[in-house]
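First the structure, in the form of structure tokens, and then the observations on it.
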Amino acid sequence: SMNRNLQDVAGKVNVSFEFFPPKTEQMENTLWQSIERLAPLAPSFVSVTYGANSGERDRTHDIIKSIKQRTGLIAAPHLTCVDASRAELERIAKDYWDNGIRHIVALRGDLPPGNKEKPALYAADLVEILRSVADFDISVAAYPEVHPESPNAQFDLLNLKRKVDAGASRAITQFFFEPEKYLRYRDRCAAIGIDVEIVPGILPVTNFQQLTKFATMTNVAIPGWMNKAYEGLEQDATTRNLVAANIAMEMVKVLSREGVNHFHFYTLNRCELSYAICHLLGVRPQSAIA
Ligand code: FAD
């Protein structure tokens, strides 16, 4: 029935949280408050992005180290290959392994603006390089609505298969707002023999204006009803948050009923919405359960 608790439908749910390196002291405080709030939910891992071409890989690594020390969680750095040579990537991988890092989110990264050359390395190559160094747990990116550079959907799907065949153990999707897009993509993955988890990336949208700019670049469709939902809320952050929570909750409900039992949250370093959605999914602080 519609009234059944979501956790009864979903069974055991795994979650993971994504953060980005903060740029100011205030943002850093927000990040740590968020990590402390979300850590008791015992995520299967947390990850920290690395902006390709930013040269700030050390900051990603520093946050990963601190998360490990302060929470004991499995912390996975994102690593891109568009801005490094094979030899550099091997050295970075070895360094990560020697520092106890066992999980890496392996990405190509975006090409620098204006770049027309074919990159030397794609994410599938990075997965192969990482595996040649050590037995990492590797997550890769997947695009239910097709990566913008891909000539067609089938090519992109085969690219995910190459990444999995090279040794990736899970795919995390680009965010999306129409569950059917994800579900159809998951079916297509299964149909061509991709046998790893396709973890939906959930973005609770608190800043709709920013999203509309970003979504065009990423080839993610924003349904008309979303425009309507955020209309007139440009100056009203409180209501935007409530709307964002509602939309994301509706989506995880649909996905739960379709058997999804791992959700990856693009937290944008905020905890409130991810925490509330987890609560609804039956993911509770471990200390409260014990
Ligand atoms: P790939 O899998 O290599 O694919 C890139 C494109 O090239 C696709 O269109 C693919 O079809 C095509 N392709 C693959 N192989 C070939 C080939 N041999 N010849 C021709 N075309 C090919 N970016 C960051 O900079 N930092 C991050 O921390 C970060 N985190 C992310 C996390 C997630 C979960 C996701 C979904 C994306 C993230 N990104 C990040 C963005 C990502 O780097 C970009 O989307 C990038 O453009 C593609 O990366 P990829 O790993 O999917 O690349």
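Ordered as shown in the structure tokens, chains take letters A, B, and onward, while each chain numbers its residues from 1 and ligands are numbered from 1 in the order shown.
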Original post:
How would you write, as a PyMOL selection string, the set of residues no farther than 7 Å from ligand 1 when counting only C-alpha atoms and all ligand atoms?
Top reply: chain A and resi 48-52+78-80+106-111+122-124+140-143+147-150+155-156+159-160+172-174+201
Subject >> Residues within 10 Å of Gln209 of chain A, only C-alpha atoms, excluding chain neighbours under 4 positions, as a ChimeraX atom specification >> reply: /A:205,213-214,227,230,234
Atoms to include: all heavy atoms. Write the selected residues as a PDB file, in the first residue's frame.
ATOM      1  N   VAL A 205      18.024  19.568  -5.104  1.00  0.00           N
ATOM      2  CA  VAL A 205      18.274  20.859  -5.767  1.00  0.00           C
ATOM      3  C   VAL A 205      17.801  22.031  -4.930  1.00  0.00           C
ATOM      4  O   VAL A 205      16.619  22.364  -4.914  1.00  0.00           O
ATOM      5  CB  VAL A 205      17.592  20.904  -7.142  1.00  0.00           C
ATOM      6  CG1 VAL A 205      17.842  22.248  -7.816  1.00  0.00           C
ATOM      7  CG2 VAL A 205      18.109  19.774  -8.018  1.00  0.00           C
ATOM      8  N   LYS A 213      21.906  26.328 -15.282  1.00  0.00           N
ATOM      9  CA  LYS A 213      23.144  26.630 -16.013  1.00  0.00           C
ATOM     10  C   LYS A 213      23.957  25.354 -16.207  1.00  0.00           C
ATOM     11  O   LYS A 213      24.443  25.051 -17.290  1.00  0.00           O
ATOM     12  CB  LYS A 213      23.993  27.641 -15.233  1.00  0.00           C
ATOM     13  CG  LYS A 213      23.522  29.072 -15.417  1.00  0.00           C
ATOM     14  CD  LYS A 213      24.435  30.025 -14.657  1.00  0.00           C
ATOM     15  CE  LYS A 213      23.636  31.124 -14.001  1.00  0.00           C
ATOM     16  NZ  LYS A 213      24.231  31.598 -12.749  1.00  0.00           N
ATOM     17  N   PHE A 214      24.080  24.597 -15.127  1.00  0.00           N
ATOM     18  CA  PHE A 214      24.935  23.421 -15.100  1.00  0.00           C
ATOM     19  C   PHE A 214      24.348  22.288 -15.943  1.00  0.00           C
ATOM     20  O   PHE A 214      25.081  21.572 -16.630  1.00  0.00           O
ATOM     21  CB  PHE A 214      25.083  22.994 -13.637  1.00  0.00           C
ATOM     22  CG  PHE A 214      26.208  22.055 -13.392  1.00  0.00           C
ATOM     23  CD1 PHE A 214      27.521  22.465 -13.635  1.00  0.00           C
ATOM     24  CD2 PHE A 214      25.976  20.778 -12.922  1.00  0.00           C
ATOM     25  CE1 PHE A 214      28.580  21.591 -13.405  1.00  0.00           C
ATOM     26  CE2 PHE A 214      27.032  19.902 -12.689  1.00  0.00           C
ATOM     27  CZ  PHE A 214      28.329  20.309 -12.933  1.00  0.00           C
ATOM     28  N   ASN A 227      10.642  23.479 -13.301  1.00  0.00           N
ATOM     29  CA  ASN A 227      10.609  24.939 -13.477  1.00  0.00           C
ATOM     30  C   ASN A 227       9.470  25.544 -12.684  1.00  0.00           C
ATOM     31  O   ASN A 227       9.618  26.532 -11.974  1.00  0.00           O
ATOM     32  CB  ASN A 227      10.413  25.288 -14.957  1.00  0.00           C
ATOM     33  CG  ASN A 227      11.682  25.123 -15.752  1.00  0.00           C
ATOM     34  OD1 ASN A 227      12.650  25.829 -15.518  1.00  0.00           O
ATOM     35  ND2 ASN A 227      11.693  24.161 -16.650  1.00  0.00           N
ATOM     36  N   TYR A 230       9.962  25.530  -8.773  1.00  0.00           N
ATOM     37  CA  TYR A 230      10.878  26.509  -8.179  1.00  0.00           C
ATOM     38  C   TYR A 230      10.542  27.953  -8.547  1.00  0.00           C
ATOM     39  O   TYR A 230      11.183  28.886  -8.075  1.00  0.00           O
ATOM     40  CB  TYR A 230      12.320  26.188  -8.592  1.00  0.00           C
ATOM     41  CG  TYR A 230      12.871  24.962  -7.909  1.00  0.00           C
ATOM     42  CD1 TYR A 230      12.813  23.711  -8.516  1.00  0.00           C
ATOM     43  CD2 TYR A 230      13.440  25.048  -6.642  1.00  0.00           C
ATOM     44  CE1 TYR A 230      13.317  22.576  -7.895  1.00  0.00           C
ATOM     45  CE2 TYR A 230      13.953  23.927  -6.003  1.00  0.00           C
ATOM     46  CZ  TYR A 230      13.884  22.697  -6.645  1.00  0.00           C
ATOM     47  OH  TYR A 230      14.383  21.592  -6.011  1.00  0.00           O
ATOM     48  N   GLU A 234      13.135  32.445  -6.014  1.00  0.00           N
ATOM     49  CA  GLU A 234      14.535  32.880  -6.131  1.00  0.00           C
ATOM     50  C   GLU A 234      15.055  33.504  -4.836  1.00  0.00           C
ATOM     51  O   GLU A 234      16.230  33.364  -4.499  1.00  0.00           O
ATOM     52  CB  GLU A 234      14.693  33.881  -7.292  1.00  0.00           C
ATOM     53  CG  GLU A 234      14.473  33.293  -8.689  1.00  0.00           C
ATOM     54  CD  GLU A 234      13.003  33.071  -9.032  1.00  0.00           C
ATOM     55  OE1 GLU A 234      12.129  33.611  -8.304  1.00  0.00           O
ATOM     56  OE2 GLU A 234      12.723  32.342 -10.009  1.00  0.00           O
TER      57      GLU A 234
END
Subject >> Pairwise distance for atom CA of Glu145 of chain A and atom CA of Val220 of chain A, rounded to one decimal in Å >> reply: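 The value is 6.3 Å.
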Subject >> A:Leu31, A:Val15, A:Val127, A:Ala244 ranked by distance to Ala168 of chain A, top pick (using only C-alpha atoms) >> reply: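 Residue with the minimum atom-to-atom distance to Ala168 of chain A: A:Val127.
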Pull the helix (DSSP H, G or I) assignments for segment 45-247 of chain A out of DSSP run on the backbone, and list those residues as a tab-separated table (two decimals) with N, CA and C atoms, in the first residue's frame.
chain	number	residue	atom	x	y	z
A	57	ARG	N	44.91	18.56	-6.19
A	57	ARG	CA	44.77	17.16	-5.78
A	57	ARG	C	45.14	16.97	-4.32
A	58	ASP	N	46.14	17.75	-3.84
A	58	ASP	CA	46.58	17.62	-2.45
A	58	ASP	C	45.48	17.99	-1.47
A	59	ARG	N	44.65	18.96	-1.85
A	59	ARG	CA	43.55	19.37	-0.95
A	59	ARG	C	42.54	18.26	-0.82
A	60	THR	N	42.25	17.60	-1.95
A	60	THR	CA	41.35	16.44	-1.91
A	60	THR	C	41.94	15.38	-0.97
A	61	HIS	N	43.23	15.12	-1.15
A	61	HIS	CA	43.88	14.09	-0.33
A	61	HIS	C	43.87	14.47	1.15
A	62	ASP	N	44.12	15.76	1.46
A	62	ASP	CA	44.11	16.20	2.85
A	62	ASP	C	42.75	15.95	3.51
A	63	ILE	N	41.68	16.27	2.78
A	63	ILE	CA	40.34	16.07	3.35
A	63	ILE	C	40.07	14.57	3.53
A	64	ILE	N	40.48	13.79	2.56
A	64	ILE	CA	40.32	12.33	2.67
A	64	ILE	C	41.02	11.81	3.92
A	65	LYS	N	42.26	12.26	4.12
A	65	LYS	CA	43.02	11.83	5.30
A	65	LYS	C	42.30	12.22	6.58
A	66	SER	N	41.82	13.47	6.65
A	66	SER	CA	41.13	13.94	7.86
A	66	SER	C	39.85	13.15	8.09
A	67	ILE	N	39.10	12.87	7.03
A	67	ILE	CA	37.86	12.11	7.21
A	67	ILE	C	38.18	10.74	7.79
A	68	LYS	N	39.20	10.11	7.23
A	68	LYS	CA	39.59	8.78	7.73
A	68	LYS	C	39.97	8.84	9.22
A	69	GLN	N	40.77	9.86	9.56
A	69	GLN	CA	41.22	9.98	10.94
A	69	GLN	C	40.07	10.29	11.89
A	70	ARG	N	39.21	11.24	11.47
A	70	ARG	CA	38.18	11.72	12.39
A	70	ARG	C	36.97	10.82	12.47
A	71	THR	N	36.67	10.08	11.41
A	71	THR	CA	35.43	9.28	11.41
A	71	THR	C	35.66	7.78	11.24
A	86	ARG	N	50.44	8.93	-17.64
A	86	ARG	CA	50.37	7.57	-17.09
A	86	ARG	C	51.33	7.41	-15.89
A	87	ALA	N	52.56	7.90	-16.06
A	87	ALA	CA	53.56	7.76	-15.00
A	87	ALA	C	53.12	8.51	-13.73
A	88	GLU	N	52.59	9.72	-13.91
A	88	GLU	CA	52.10	10.49	-12.75
A	88	GLU	C	50.97	9.75	-12.05
A	89	LEU	N	50.04	9.21	-12.85
A	89	LEU	CA	48.89	8.52	-12.28
A	89	LEU	C	49.33	7.28	-11.51
A	90	GLU	N	50.34	6.59	-12.03
A	90	GLU	CA	50.86	5.41	-11.32
A	90	GLU	C	51.47	5.83	-9.98
A	91	ARG	N	52.17	6.95	-10.00
A	91	ARG	CA	52.79	7.43	-8.76
A	91	ARG	C	51.71	7.84	-7.74
A	92	ILE	N	50.69	8.57	-8.21
A	92	ILE	CA	49.60	9.00	-7.33
A	92	ILE	C	48.89	7.77	-6.75
A	93	ALA	N	48.62	6.80	-7.60
A	93	ALA	CA	47.92	5.59	-7.15
A	93	ALA	C	48.73	4.86	-6.08
A	94	LYS	N	50.03	4.77	-6.31
A	94	LYS	CA	50.90	4.07	-5.35
A	94	LYS	C	50.90	4.82	-4.03
A	95	ASP	N	50.96	6.14	-4.13
A	95	ASP	CA	50.96	6.98	-2.95
A	95	ASP	C	49.65	6.82	-2.16
A	96	TYR	N	48.53	6.81	-2.87
A	96	TYR	CA	47.24	6.60	-2.21
A	96	TYR	C	47.23	5.24	-1.51
A	97	TRP	N	47.67	4.21	-2.23
A	97	TRP	CA	47.65	2.86	-1.65
A	97	TRP	C	48.51	2.82	-0.40
A	98	ASP	N	49.71	3.43	-0.47
A	98	ASP	CA	50.63	3.43	0.68
A	98	ASP	C	50.04	4.19	1.86
A	123	ALA	N	38.69	7.46	-18.95
A	123	ALA	CA	38.51	6.85	-17.63
A	123	ALA	C	38.80	5.35	-17.64
A	124	ALA	N	38.46	4.68	-18.75
A	124	ALA	CA	38.75	3.23	-18.83
A	124	ALA	C	40.25	2.97	-18.70
A	125	ASP	N	41.07	3.87	-19.27
A	125	ASP	CA	42.52	3.73	-19.15
A	125	ASP	C	42.95	3.93	-17.69
A	126	LEU	N	42.32	4.91	-17.04
A	126	LEU	CA	42.65	5.16	-15.63
A	126	LEU	C	42.33	3.94	-14.77
A	127	VAL	N	41.19	3.32	-15.03
A	127	VAL	CA	40.83	2.12	-14.26
A	127	VAL	C	41.91	1.05	-14.45
A	128	GLU	N	42.32	0.88	-15.69
A	128	GLU	CA	43.36	-0.12	-15.99
A	128	GLU	C	44.67	0.23	-15.26
A	129	ILE	N	45.04	1.52	-15.27
A	129	ILE	CA	46.27	1.95	-14.59
A	129	ILE	C	46.18	1.68	-13.09
A	130	LEU	N	45.05	2.04	-12.49
A	130	LEU	CA	44.88	1.83	-11.04
A	130	LEU	C	44.99	0.35	-10.70
A	131	ARG	N	44.34	-0.48	-11.51
A	131	ARG	CA	44.37	-1.92	-11.27
A	131	ARG	C	45.77	-2.50	-11.44
A	132	SER	N	46.56	-1.87	-12.32
A	132	SER	CA	47.92	-2.36	-12.52
A	132	SER	C	48.80	-2.04	-11.31
A	133	VAL	N	48.39	-1.04	-10.53
A	133	VAL	CA	49.18	-0.65	-9.36
A	133	VAL	C	48.79	-1.46	-8.13
A	153	ALA	N	24.11	6.94	-27.66
A	153	ALA	CA	23.88	6.26	-26.37
A	153	ALA	C	24.60	4.91	-26.29
A	154	GLN	N	24.60	4.18	-27.40
A	154	GLN	CA	25.22	2.86	-27.39
A	154	GLN	C	26.72	2.95	-27.16
A	155	PHE	N	27.36	3.93	-27.78
A	155	PHE	CA	28.80	4.15	-27.60
A	155	PHE	C	29.11	4.41	-26.13
A	156	ASP	N	28.27	5.23	-25.50
A	156	ASP	CA	28.49	5.59	-24.10
A	156	ASP	C	28.28	4.39	-23.18
A	157	LEU	N	27.29	3.58	-23.54
A	157	LEU	CA	27.01	2.37	-22.76
A	157	LEU	C	28.19	1.40	-22.86
A	158	LEU	N	28.71	1.24	-24.08
A	158	LEU	CA	29.87	0.37	-24.26
A	158	LEU	C	31.09	0.92	-23.53
A	159	ASN	N	31.16	2.24	-23.44
A	159	ASN	CA	32.25	2.84	-22.66
A	159	ASN	C	32.14	2.45	-21.19
A	160	LEU	N	30.95	2.44	-20.65
A	160	LEU	CA	30.79	2.00	-19.26
A	160	LEU	C	31.20	0.52	-19.15
A	161	LYS	N	30.83	-0.27	-20.13
A	161	LYS	CA	31.21	-1.70	-20.11
A	161	LYS	C	32.73	-1.84	-20.11
A	162	ARG	N	33.41	-1.00	-20.92
A	162	ARG	CA	34.89	-1.04	-20.93
A	162	ARG	C	35.46	-0.71	-19.56
A	163	LYS	N	34.85	0.26	-18.88
A	163	LYS	CA	35.35	0.65	-17.56
A	163	LYS	C	35.15	-0.48	-16.55
A	164	VAL	N	34.03	-1.16	-16.67
A	164	VAL	CA	33.75	-2.28	-15.76
A	164	VAL	C	34.68	-3.45	-16.09
A	165	ASP	N	34.84	-3.73	-17.39
A	165	ASP	CA	35.72	-4.82	-17.79
A	165	ASP	C	37.17	-4.55	-17.36
A	179	PRO	N	13.07	9.47	-12.91
A	179	PRO	CA	13.48	8.11	-12.53
A	179	PRO	C	13.46	7.13	-13.70
A	180	GLU	N	12.51	7.32	-14.63
A	180	GLU	CA	12.41	6.38	-15.77
A	180	GLU	C	13.71	6.37	-16.57
A	181	LYS	N	14.37	7.53	-16.65
A	181	LYS	CA	15.63	7.60	-17.41
A	181	LYS	C	16.66	6.67	-16.77
A	182	TYR	N	16.74	6.73	-15.45
A	182	TYR	CA	17.68	5.86	-14.74
A	182	TYR	C	17.28	4.39	-14.92
A	183	LEU	N	16.00	4.11	-14.74
A	183	LEU	CA	15.54	2.71	-14.78
A	183	LEU	C	15.78	2.09	-16.15
A	184	ARG	N	15.51	2.86	-17.20
A	184	ARG	CA	15.74	2.37	-18.56
A	184	ARG	C	17.23	2.11	-18.78
A	185	TYR	N	18.05	3.03	-18.27
A	185	TYR	CA	19.50	2.90	-18.41
A	185	TYR	C	20.00	1.65	-17.68
A	186	ARG	N	19.48	1.43	-16.47
A	186	ARG	CA	19.87	0.25	-15.70
A	186	ARG	C	19.53	-1.03	-16.47
A	187	ASP	N	18.37	-1.03	-17.10
A	187	ASP	CA	17.98	-2.19	-17.91
A	187	ASP	C	18.96	-2.40	-19.07
A	188	ARG	N	19.33	-1.30	-19.72
A	188	ARG	CA	20.24	-1.41	-20.86
A	188	ARG	C	21.62	-1.89	-20.42
A	189	CYS	N	22.05	-1.46	-19.25
A	189	CYS	CA	23.32	-1.94	-18.70
A	189	CYS	C	23.26	-3.45	-18.50
A	190	ALA	N	22.19	-3.90	-17.87
A	190	ALA	CA	22.03	-5.34	-17.62
A	190	ALA	C	22.02	-6.10	-18.93
A	191	ALA	N	21.33	-5.53	-19.93
A	191	ALA	CA	21.17	-6.22	-21.20
A	191	ALA	C	22.51	-6.42	-21.93
A	208	PHE	N	18.10	26.23	-7.79
A	208	PHE	CA	17.58	25.85	-9.11
A	208	PHE	C	18.23	26.66	-10.23
A	209	GLN	N	18.50	27.94	-9.97
A	209	GLN	CA	19.10	28.79	-11.00
A	209	GLN	C	20.47	28.27	-11.42
A	210	GLN	N	21.24	27.87	-10.41
A	210	GLN	CA	22.57	27.31	-10.68
A	210	GLN	C	22.43	26.01	-11.49
A	211	LEU	N	21.45	25.22	-11.10
A	211	LEU	CA	21.25	23.94	-11.78
A	211	LEU	C	20.96	24.13	-13.26
A	212	THR	N	20.11	25.09	-13.60
A	212	THR	CA	19.73	25.25	-15.00
A	212	THR	C	20.96	25.60	-15.85
A	213	LYS	N	21.91	26.33	-15.28
A	213	LYS	CA	23.14	26.63	-16.01
A	213	LYS	C	23.96	25.35	-16.21
A	214	PHE	N	24.08	24.60	-15.13
A	214	PHE	CA	24.93	23.42	-15.10
A	214	PHE	C	24.35	22.29	-15.94
A	215	ALA	N	23.03	22.16	-15.90
A	215	ALA	CA	22.39	21.01	-16.53
A	215	ALA	C	22.57	21.00	-18.05
A	216	THR	N	22.61	22.18	-18.65
A	216	THR	CA	22.81	22.24	-20.11
A	216	THR	C	24.16	21.63	-20.48
A	217	MET	N	25.18	21.99	-19.75
A	217	MET	CA	26.52	21.46	-20.02
A	217	MET	C	26.58	19.96	-19.82
A	218	THR	N	25.77	19.46	-18.91
A	218	THR	CA	25.89	18.05	-18.55
A	218	THR	C	24.87	17.18	-19.29
A	224	GLY	N	9.68	20.08	-17.16
A	224	GLY	CA	8.94	21.33	-17.02
A	224	GLY	C	8.35	21.53	-15.64
A	225	TRP	N	7.90	20.44	-15.02
A	225	TRP	CA	7.29	20.58	-13.69
A	225	TRP	C	8.28	21.12	-12.67
A	226	MET	N	9.58	20.93	-12.92
A	226	MET	CA	10.57	21.46	-11.97
A	226	MET	C	10.67	22.97	-12.07
A	227	ASN	N	10.64	23.48	-13.30
A	227	ASN	CA	10.61	24.94	-13.48
A	227	ASN	C	9.47	25.54	-12.68
A	228	LYS	N	8.33	24.89	-12.81
A	228	LYS	CA	7.12	25.34	-12.14
A	228	LYS	C	7.30	25.28	-10.61
A	229	ALA	N	7.92	24.19	-10.15
A	229	ALA	CA	8.07	23.98	-8.70
A	229	ALA	C	8.94	25.06	-8.05
A	230	TYR	N	9.96	25.53	-8.77
A	230	TYR	CA	10.88	26.51	-8.18
A	230	TYR	C	10.54	27.95	-8.55
A	237	ALA	N	14.92	30.88	0.23
A	237	ALA	CA	15.73	29.66	0.40
A	237	ALA	C	15.02	28.61	1.24
A	238	THR	N	14.24	29.05	2.23
A	238	THR	CA	13.57	28.09	3.10
A	238	THR	C	12.60	27.23	2.31
A	239	THR	N	11.76	27.88	1.51
A	239	THR	CA	10.79	27.11	0.72
A	239	THR	C	11.51	26.27	-0.33
A	240	ARG	N	12.57	26.83	-0.92
A	240	ARG	CA	13.34	26.05	-1.90
A	240	ARG	C	13.85	24.75	-1.28
A	241	ASN	N	14.33	24.82	-0.04
A	241	ASN	CA	14.83	23.61	0.63
A	241	ASN	C	13.73	22.58	0.81
A	242	LEU	N	12.53	23.06	1.19
A	242	LEU	CA	11.42	22.13	1.40
A	242	LEU	C	11.01	21.49	0.08
A	243	VAL	N	10.99	22.29	-0.97
A	243	VAL	CA	10.65	21.77	-2.29
A	243	VAL	C	11.71	20.76	-2.73
A	244	ALA	N	12.98	21.10	-2.53
A	244	ALA	CA	14.08	20.21	-2.91
A	244	ALA	C	13.97	18.87	-2.20
A	245	ALA	N	13.66	18.93	-0.90
A	245	ALA	CA	13.54	17.69	-0.12
A	245	ALA	C	12.40	16.85	-0.67
A	246	ASN	N	11.29	17.50	-0.94
A	246	ASN	CA	10.12	16.77	-1.43
A	246	ASN	C	10.41	16.07	-2.77
A	247	ILE	N	11.03	16.81	-3.67
A	247	ILE	CA	11.32	16.24	-5.00
A	247	ILE	C	12.27	15.05	-4.88
Original post:
Which is closer to Glu36 of chain A than all the others in A:Gly259, A:Pro144, A:Gly232, A:Gly72, using only C-alpha atoms?
Top reply: A:Gly72
**OP:** Find the residues near Asn269 of chain A: any atom within 12 Å, counting only C-alpha atoms, skip ones fewer than 5 places away on the same chain, and give them as a list in words.
**Re:**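 Surrounding residues, per the criterion: Phe17, Glu18, Phe19, Phe20, Pro21, Pro22, Lys23, Gln26, Met27, Glu28, Asn29, Thr30, Leu31, Trp32, Gln33, Ser34, Ile35, Glu36, Arg37, Leu38, Val46, Ser47, Val48, Thr49, Leu203, Pro204, Ser274 and Tyr275 of chain A.
For the set A:Asn99, A:Ile198, A:Met249, A:Phe177, the residue with the smallest atom-to-atom gap to Ser139 of chain A is A:Ile198, counting only C-alpha atoms.
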